[in-house]
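Student: Got a structure here, written out as structure tokens. Questions coming.
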Amino acid sequence: MTKFNTKFLLVTGLSVLIGALLNMIVARQGIHRLSEKSTREIESGLNVATREYLTNHIEDKAQHTNFQLNHAYSDLEIFANIVQQSSDLGQDIEPMLDVAGGLPTLHDKLVYNPKGNWFQNGPDEPAAVTVWGYMGDRGTVLPDVQRSVDRSAWLDLLMPSFAKYGASKLQLYYVGPREQPFARMVPYTDTGGACDKKYPGHNEKIWYDFFFPGLVDSWLEWIKKPDGLKQLKTQITVLPPYEDAAGGGMVMTVFHPIWSKDRKAFAGSVGIDLTLGQLIESIKDVKLAQTGFAFLAQSDGNVLAVNDPGAVTLGLQASSDKVEAGVGLLTRRLKDSKEPGIAGLTPPRADQIDYHEVTISGQQHIVVLERLSALNSWAGSTIATEHWTLGFVVPKAEMYASLIAAQEAIEQSRTTIVTTQILITMASFLVLMLGVYLVSRKMTGELVALSTGATRMREGDYGVRIQVNSADEIGQLGVAFNEMASEIQAYTNNLEELVGERTRALEKANEEISELNAKLAQENIRLGAELNVARQLQLMVLPAPAELQEIPGLDIAGYMAPADEVGGDYYDVLRSDGMVKIGIGDVTGHGLESGVLMLMVQTAVRTLLAANERDPKKFLNIVNKVIYQNIQRIRSDKNLSLTLLDYSDGDGKLQLTGQHEDLIIVRKDGTLDRVETMGLGLPIGIDLDISDFIGSIEVQLEPGDVVTLFSDGITEAEDSSEEQYGIDRLCQVISRSHEKTSKEIKDAIIEDVLAHVGYNKIHDDITVLVIKRV
């Protein structure tokens with residue numbers, strides 16, 4: 001019992017240990033699912049709060065940025081309207097313009113600079129006026145240019161106020177038409193000297209074409225279209241930002257064209273240089289969480305404003321495009337970023353905030369984009385509507401810091417719970433194993449007694465009994481053992497007598513079985529003989545070939561093969577007083593009962609014919625009554641289809657009565673007719689009186705015509721693939737053989753049917769009757 005004790009402890013210990021492990025696993029999984037659910041709930045709330053926070057923040061910043069830019073655009077729009085109106089008045093105010101240009105306060109004292117080849121007034125005047133060398137001759141301004149400069153002197157009364165008040169402006173200026181691009185600027189600046197220093201060679205080309213090549217041509221495209229200017233929301237044109245030549249930092253030039261009175265010619269432009277320093281600083285000052293930042297980009301992704309750490313995070317590569325003519329543009333596009341996630345960003349295409357999650361340096365970041373108000377942007381070739389984009393970038397971990405802290409707290413709690421559970425489980429396991437050990441020792445003592453008793457019984461000591469000391473299950477087992485030992489002892493003592501009784505009982509049963517087998521064999525022989533007699537009787541009542549040959553004017557051949565020992569098909573050919581009565585029928589089912597019913601029909605037909613009954617309808621109705629009454633007497637559920645044909649040799653007419661399969665007629669010329677009999681009666685044996693349902697039709701037979709009657713056993717015969725023979729194939733065989741004798745036609749039909757069936761079992765009686773008029 002030492003092995004049993006060990007096994008008992010091992011099995012119990014493993015069961016407890018496995019249960020404890022499963023319990024810990026289930027508990028750990030439950031805590032894990034709770035952690036995941038809590039995380040999802042917190043994350044869902046943080047998603048809503050984060051999106052709402054970033055949406056409100058970026059919308060406020062976008063409105064502020066739009067306001068700053070639109071304020072400056074409005075100032076320029078007002079100034080442009082004033083200048084345009086003065087251009088439209090033209091000759092009406094020409095005297096005033098001439099007088100203004102000659103006033104000492106407004107007169108521009110231009111001085112020629114031979115080194116730079118340009119003319120410019122002094123800093124003591126309200127506005128800086130610069131005339132480039134190609135508008136002068138030998139140190140003197142050309143007269144028509146001078147006149148244009150004088151006629152624009154009145155602008156000195158307006159420009160200082162426009163420059164000082166309203167939106168913050170670095171420079172406000174007026175530039176003459178394309179052929180006279182002199183510049184009038186406030187506040188005063190050494191325009192000629194600054195351009196010589198920053199843009200060498202600028203004085204060798206027309207001012208517009210050097211600094212902004214293609215800009216004027218782009219404006220002129222507007223007036224080429226009918227009502228082109230009216231279709232524009234604004235004529236304000238924004239140029240890409242660049243570094244100011246005069247040291248103003250990042251500058252953006254905004255122009256507004258001035259037109260001739262008839263709006264068919266370009267008459268000059270007004271513009272402002274906006275320092276983007278304040279706007280850029282406001283973008284740089286945006287702080288999101290700990291390290292989040294904002295940036296401002298053009299529609300092509302060129303970043304105009306971002307703080308230095310943000311530029312590093314975005315992976316921007318800053319450079320300044322240098323060109324021989326024009327201004328140097330700051331270029332650091334998002335698509336050129338070192339970070340694939342940033343390089344793949346696209347500006348928003350609608351007035352709707354875009355949210356993205358991108359990976360930057362292996363860390364997830366939230367990127368929020370909103371496009372600013374539309375503006376006319378000139379990028380060097382054409383003017384197109386452009387939207388700048390304001391973007392926020394913030395590390396996702398900073399926005400979800402509370403979620404991460406919650407996850408860490410849950411994980412720590414889970415670790416504590418699992419550790420505590422392990423300690424409790426180990427202590428419980430040790431206590432349980434001690435209790436199991438003590439119980440097993442008591443159990444094994446009683447089991448040893450049972451084992452000893454079983455061993456003595458195996459050795460033939462059936463008188464052994466064990467002492468029962470408890471009422472528990474093991475005690476009950478001891479009681480059962482003692483009872484079993486008593487029964488075995490008694491059974492062993494009476495075994496020979498019991499074996500003898502059982503042997504005698506088996507011999508008697510064997511004799512009874514032998515007698516029963518003998519009776520069954522005799523009964524089978526008797527039934528086989530009776531079935532054979534019934535089969536022979538059925539075949540004997542069929543018309544013999546010699547009998548068929550005696551019928552004048554007709555060549556008749558018949559065939560019937562029952563599916564069982566006795567079939568249910570019927571055909572007969574009877575002759576009486578110059579008339580031939582032909583019948584064909586099919587009893588439902590087959591076997592002895594169907595064969596008996598067929599014999600009843602044959603007897604009834606022959607009897608009525610002998611009684612000289614000539615009315616086909618009445619004849620069939622009487623047959624039905626006889627068969628119906630017999631069916632009722634023998635309590636059968638059988639019935640049959642039956643068609644009777646009356647043939648008169650004198651006129652060759654064949655009269656059909658009763659319901660059966662179609663009648664197939666092949667004329668001498670090969671024409672095939674199918675006569676349907678379904679409307680000529682009802683199945684025989686269903687009702688006592690069917691006279692109201694019986695119909696009759698006549699068919700004229702000419703010499704050489706062939707009539708074929710058949711049962712459904714032919715058309716429903718199946719091959720190994722359960723495909724039926726069918727009436728169409730039957731018609732084809734008859735048509736091919738119709739010129740032969742009736743026996744040859746019958747043999748051709750049977751041969752083709754059997755070839756179709758092959759080795760498959762025939763499940764129904766097969767009957768065919770071929771009649772040919774000769």
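By convention here, the chains of the structure tokens are called A, B, ... in the order presented, each chain's residues are numbered starting at 1, and ligands are numbered starting at 1 in the order presented.
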Among range 445-634 of chain A, which residues carry a DSSP assignment of strand (DSSP E), reported as a ChimeraX atom specification?

Tutor: /A:554-561,569-576,579-587

Student: Can you list, as JSON, numbers by chain, all residues belonging to range 412-469 of chain A that DSSP tags as helix (DSSP H, G or I)?

Tutor: {"A": [412, 413, 414, 415, 416, 417, 418, 419, 420, 421, 422, 423, 424, 425, 426, 427, 428, 429, 430, 431, 432, 433, 434, 435, 436, 437, 438, 439, 440, 441, 442, 443, 444, 445, 446, 447, 448, 449, 450, 451, 452, 453, 454, 455, 456, 457, 458]}

Student: Go ahead and write the residues just picked, C-alpha atoms, as a JSON list (two decimals), in the first residue's frame.

Tutor:
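Result saved to again_28.json:
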```
[["chain", "number", "residue", "atom", "x", "y", "z"],
["A", 412, "GLN", "CA", 2.02, 47.26, -10.35],
["A", 413, "SER", "CA", -1.26, 46.29, -8.65],
["A", 414, "ARG", "CA", -1.54, 43.21, -10.81],
["A", 415, "THR", "CA", 2.00, 42.14, -9.88],
["A", 416, "THR", "CA", 1.21, 42.61, -6.18],
["A", 417, "ILE", "CA", -2.03, 40.62, -6.42],
["A", 418, "VAL", "CA", -0.39, 37.75, -8.33],
["A", 419, "THR", "CA", 2.54, 37.60, -5.84],
["A", 420, "THR", "CA", 0.16, 37.52, -2.87],
["A", 421, "GLN", "CA", -1.94, 34.88, -4.55],
["A", 422, "ILE", "CA", 1.11, 32.69, -5.15],
["A", 423, "LEU", "CA", 2.12, 32.88, -1.46],
["A", 424, "ILE", "CA", -1.39, 32.06, -0.27],
["A", 425, "THR", "CA", -1.65, 29.18, -2.74],
["A", 426, "MET", "CA", 1.67, 27.67, -1.60],
["A", 427, "ALA", "CA", 0.65, 27.86, 2.09],
["A", 428, "SER", "CA", -2.77, 26.34, 1.33],
["A", 429, "PHE", "CA", -1.09, 23.61, -0.71],
["A", 430, "LEU", "CA", 1.20, 22.59, 2.16],
["A", 431, "VAL", "CA", -1.68, 22.49, 4.69],
["A", 432, "LEU", "CA", -3.84, 20.49, 2.30],
["A", 433, "MET", "CA", -1.12, 17.95, 1.54],
["A", 434, "LEU", "CA", -0.56, 17.36, 5.28],
["A", 435, "GLY", "CA", -4.29, 16.65, 5.75],
["A", 436, "VAL", "CA", -4.34, 14.37, 2.70],
["A", 437, "TYR", "CA", -1.36, 12.43, 4.05],
["A", 438, "LEU", "CA", -3.05, 11.80, 7.41],
["A", 439, "VAL", "CA", -6.34, 10.71, 5.76],
["A", 440, "SER", "CA", -4.57, 8.46, 3.26],
["A", 441, "ARG", "CA", -2.74, 6.57, 6.05],
["A", 442, "LYS", "CA", -6.09, 5.69, 7.64],
["A", 443, "MET", "CA", -7.54, 4.70, 4.27],
["A", 444, "THR", "CA", -4.61, 2.53, 3.28],
["A", 445, "GLY", "CA", -4.87, 0.44, 6.49],
["A", 446, "GLU", "CA", -8.40, -0.64, 5.60],
["A", 447, "LEU", "CA", -7.45, -1.13, 1.96],
["A", 448, "VAL", "CA", -4.62, -3.44, 3.06],
["A", 449, "ALA", "CA", -7.17, -5.65, 4.79],
["A", 450, "LEU", "CA", -9.28, -5.72, 1.61],
["A", 451, "SER", "CA", -6.24, -6.56, -0.50],
["A", 452, "THR", "CA", -5.25, -9.44, 1.85],
["A", 453, "GLY", "CA", -8.76, -10.84, 1.77],
["A", 454, "ALA", "CA", -8.87, -10.67, -2.06],
["A", 455, "THR", "CA", -5.54, -12.50, -2.26],
["A", 456, "ARG", "CA", -6.77, -15.35, -0.02],
["A", 457, "MET", "CA", -9.96, -15.62, -2.08],
["A", 458, "ARG", "CA", -7.89, -15.86, -5.28]]
```

Student: So that I can check the surroundings of range 342-345 of chain A, please list as a tab-separated table (two decimals) with C-alpha atoms, in the first residue's frame every protein, DNA and RNA residue that reaches within 10 Å of it, counting only C-alpha atoms and ignoring chain neighbours fewer than 3 positions away.

Tutor:
```tsv
chain	number	residue	atom	x	y	z
A	301	GLY	CA	4.92	72.56	-47.71
A	313	THR	CA	11.86	67.26	-34.69
A	314	LEU	CA	10.38	67.77	-38.16
A	315	GLY	CA	13.73	66.86	-39.73
A	316	LEU	CA	13.77	70.06	-41.84
A	333	ARG	CA	9.86	71.92	-47.31
A	334	LEU	CA	8.10	69.17	-45.40
A	335	LYS	CA	8.50	66.74	-48.30
A	336	ASP	CA	12.30	67.06	-47.95
A	337	SER	CA	12.15	66.07	-44.27
A	338	LYS	CA	14.44	63.35	-42.97
A	339	GLU	CA	11.42	61.84	-41.22
A	348	PRO	CA	-5.58	69.93	-45.82
A	356	HIS	CA	-2.62	62.40	-38.16
A	358	VAL	CA	3.02	59.78	-37.39
A	359	THR	CA	6.21	58.22	-36.13
A	360	ILE	CA	9.08	60.66	-35.59
A	367	VAL	CA	-0.04	66.14	-35.97
A	369	LEU	CA	-3.34	70.62	-39.52
```

Student: Would you pick out the contacts of Phe67 in chain A at 12 Å or less, using only C-alpha atoms, so that residues sharing its chain but fewer than 4 positions from it are not included, and give the list as a PyMOL selection string?

Tutor: chain A and resi 60-63+71-74+167+279+372-373

Student: So which residues touch range 175-191 of chain A within 6 Å, counting only C-alpha atoms, skipping near sequence neighbours fewer than 4 positions away, as a list of chain:residue names?

Tutor: A:Ala127, A:Ala128, A:Val129, A:Thr130, A:Val131, A:Gln171, A:Ala267, A:Gly268, A:Ser269

Student: Could you save the residues just selected, with all heavy atoms, as a PDB file, in the first residue's frame?

Tutor:
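The resulting file, selection22.pdb, is reproduced below:
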```pdb
ATOM      1  N   ALA A 127       9.245 110.507 -48.219  1.00  0.00           N
ATOM      2  CA  ALA A 127       9.327 109.181 -48.814  1.00  0.00           C
ATOM      3  C   ALA A 127      10.607 109.069 -49.622  1.00  0.00           C
ATOM      4  O   ALA A 127      11.103 110.057 -50.156  1.00  0.00           O
ATOM      5  CB  ALA A 127       8.125 108.903 -49.706  1.00  0.00           C
ATOM      6  N   ALA A 128      11.143 107.867 -49.710  1.00  0.00           N
ATOM      7  CA  ALA A 128      12.317 107.610 -50.535  1.00  0.00           C
ATOM      8  C   ALA A 128      11.839 107.353 -51.948  1.00  0.00           C
ATOM      9  O   ALA A 128      11.008 106.466 -52.196  1.00  0.00           O
ATOM     10  CB  ALA A 128      13.076 106.410 -50.007  1.00  0.00           C
ATOM     11  N   VAL A 129      12.367 108.155 -52.902  1.00  0.00           N
ATOM     12  CA  VAL A 129      12.021 108.003 -54.314  1.00  0.00           C
ATOM     13  C   VAL A 129      13.283 107.563 -55.039  1.00  0.00           C
ATOM     14  O   VAL A 129      14.327 108.218 -54.956  1.00  0.00           O
ATOM     15  CB  VAL A 129      11.480 109.304 -54.914  1.00  0.00           C
ATOM     16  CG1 VAL A 129      11.141 109.110 -56.386  1.00  0.00           C
ATOM     17  CG2 VAL A 129      10.247 109.767 -54.151  1.00  0.00           C
ATOM     18  N   THR A 130      13.183 106.421 -55.761  1.00  0.00           N
ATOM     19  CA  THR A 130      14.334 105.868 -56.467  1.00  0.00           C
ATOM     20  C   THR A 130      13.964 105.685 -57.925  1.00  0.00           C
ATOM     21  O   THR A 130      12.931 105.087 -58.237  1.00  0.00           O
ATOM     22  CB  THR A 130      14.749 104.512 -55.864  1.00  0.00           C
ATOM     23  OG1 THR A 130      14.971 104.663 -54.454  1.00  0.00           O
ATOM     24  CG2 THR A 130      16.023 103.999 -56.494  1.00  0.00           C
ATOM     25  N   VAL A 131      14.824 106.249 -58.790  1.00  0.00           N
ATOM     26  CA  VAL A 131      14.646 106.106 -60.240  1.00  0.00           C
ATOM     27  C   VAL A 131      15.883 105.382 -60.754  1.00  0.00           C
ATOM     28  O   VAL A 131      17.019 105.850 -60.548  1.00  0.00           O
ATOM     29  CB  VAL A 131      14.488 107.471 -60.938  1.00  0.00           C
ATOM     30  CG1 VAL A 131      14.325 107.274 -62.442  1.00  0.00           C
ATOM     31  CG2 VAL A 131      13.300 108.238 -60.369  1.00  0.00           C
ATOM     32  N   GLN A 171       7.399  98.218 -44.863  1.00  0.00           N
ATOM     33  CA  GLN A 171       7.569  99.174 -45.961  1.00  0.00           C
ATOM     34  C   GLN A 171       6.239  99.305 -46.696  1.00  0.00           C
ATOM     35  O   GLN A 171       5.500  98.325 -46.863  1.00  0.00           O
ATOM     36  CB  GLN A 171       8.627  98.662 -46.938  1.00  0.00           C
ATOM     37  CG  GLN A 171       9.280  99.732 -47.789  1.00  0.00           C
ATOM     38  CD  GLN A 171      10.405 100.436 -47.071  1.00  0.00           C
ATOM     39  OE1 GLN A 171      11.111  99.834 -46.289  1.00  0.00           O
ATOM     40  NE2 GLN A 171      10.551 101.721 -47.293  1.00  0.00           N
ATOM     41  N   ALA A 267      -0.993 100.075 -64.992  1.00  0.00           N
ATOM     42  CA  ALA A 267      -0.588 101.465 -64.715  1.00  0.00           C
ATOM     43  C   ALA A 267       0.308 101.563 -63.487  1.00  0.00           C
ATOM     44  O   ALA A 267       0.601 102.670 -63.039  1.00  0.00           O
ATOM     45  CB  ALA A 267      -1.828 102.323 -64.522  1.00  0.00           C
ATOM     46  N   GLY A 268       0.751 100.459 -62.931  1.00  0.00           N
ATOM     47  CA  GLY A 268       1.620 100.513 -61.767  1.00  0.00           C
ATOM     48  C   GLY A 268       1.097  99.603 -60.665  1.00  0.00           C
ATOM     49  O   GLY A 268       0.166  98.805 -60.884  1.00  0.00           O
ATOM     50  N   SER A 269       1.692  99.733 -59.486  1.00  0.00           N
ATOM     51  CA  SER A 269       1.272  98.878 -58.387  1.00  0.00           C
ATOM     52  C   SER A 269       1.581  99.543 -57.058  1.00  0.00           C
ATOM     53  O   SER A 269       2.432 100.429 -56.970  1.00  0.00           O
ATOM     54  CB  SER A 269       1.974  97.519 -58.459  1.00  0.00           C
ATOM     55  OG  SER A 269       3.364  97.683 -58.300  1.00  0.00           O
TER      56      SER A 269
END
```

Student: Of the candidates A:Ile366, A:Val251, A:Leu110, A:Val707, which shows the shortest atom-to-atom distance to Thr140 in chain A, using only C-alpha atoms?

Tutor: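 The shortest atom-to-atom distance to Thr140 in chain A comes from A:Leu110.
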
Student: For Lys618 in chain A, find every residue with an atom within 12 Å (counting only C-alpha atoms), except residues of its own chain fewer than 4 positions away, and show them as number ranges by chain.

Tutor: A: 605, 608-609, 612-614, 622-625, 644, 657-658, 681, 689-696

Student: Quick one: distance from CA of Ile42 in chain A to CA of Glu398 in chain A in Å, one decimal?

Tutor: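 Distance between the two atoms: 14.6 Å.
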
Student: My list of candidates is A:Val757, A:Ile771, A:Val699, A:Leu89. Which is closest to Gly726 in chain A when distances are computed with only C-alpha atoms?

Tutor: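 Among the listed residues, the smallest separation from Gly726 in chain A belongs to A:Val757.
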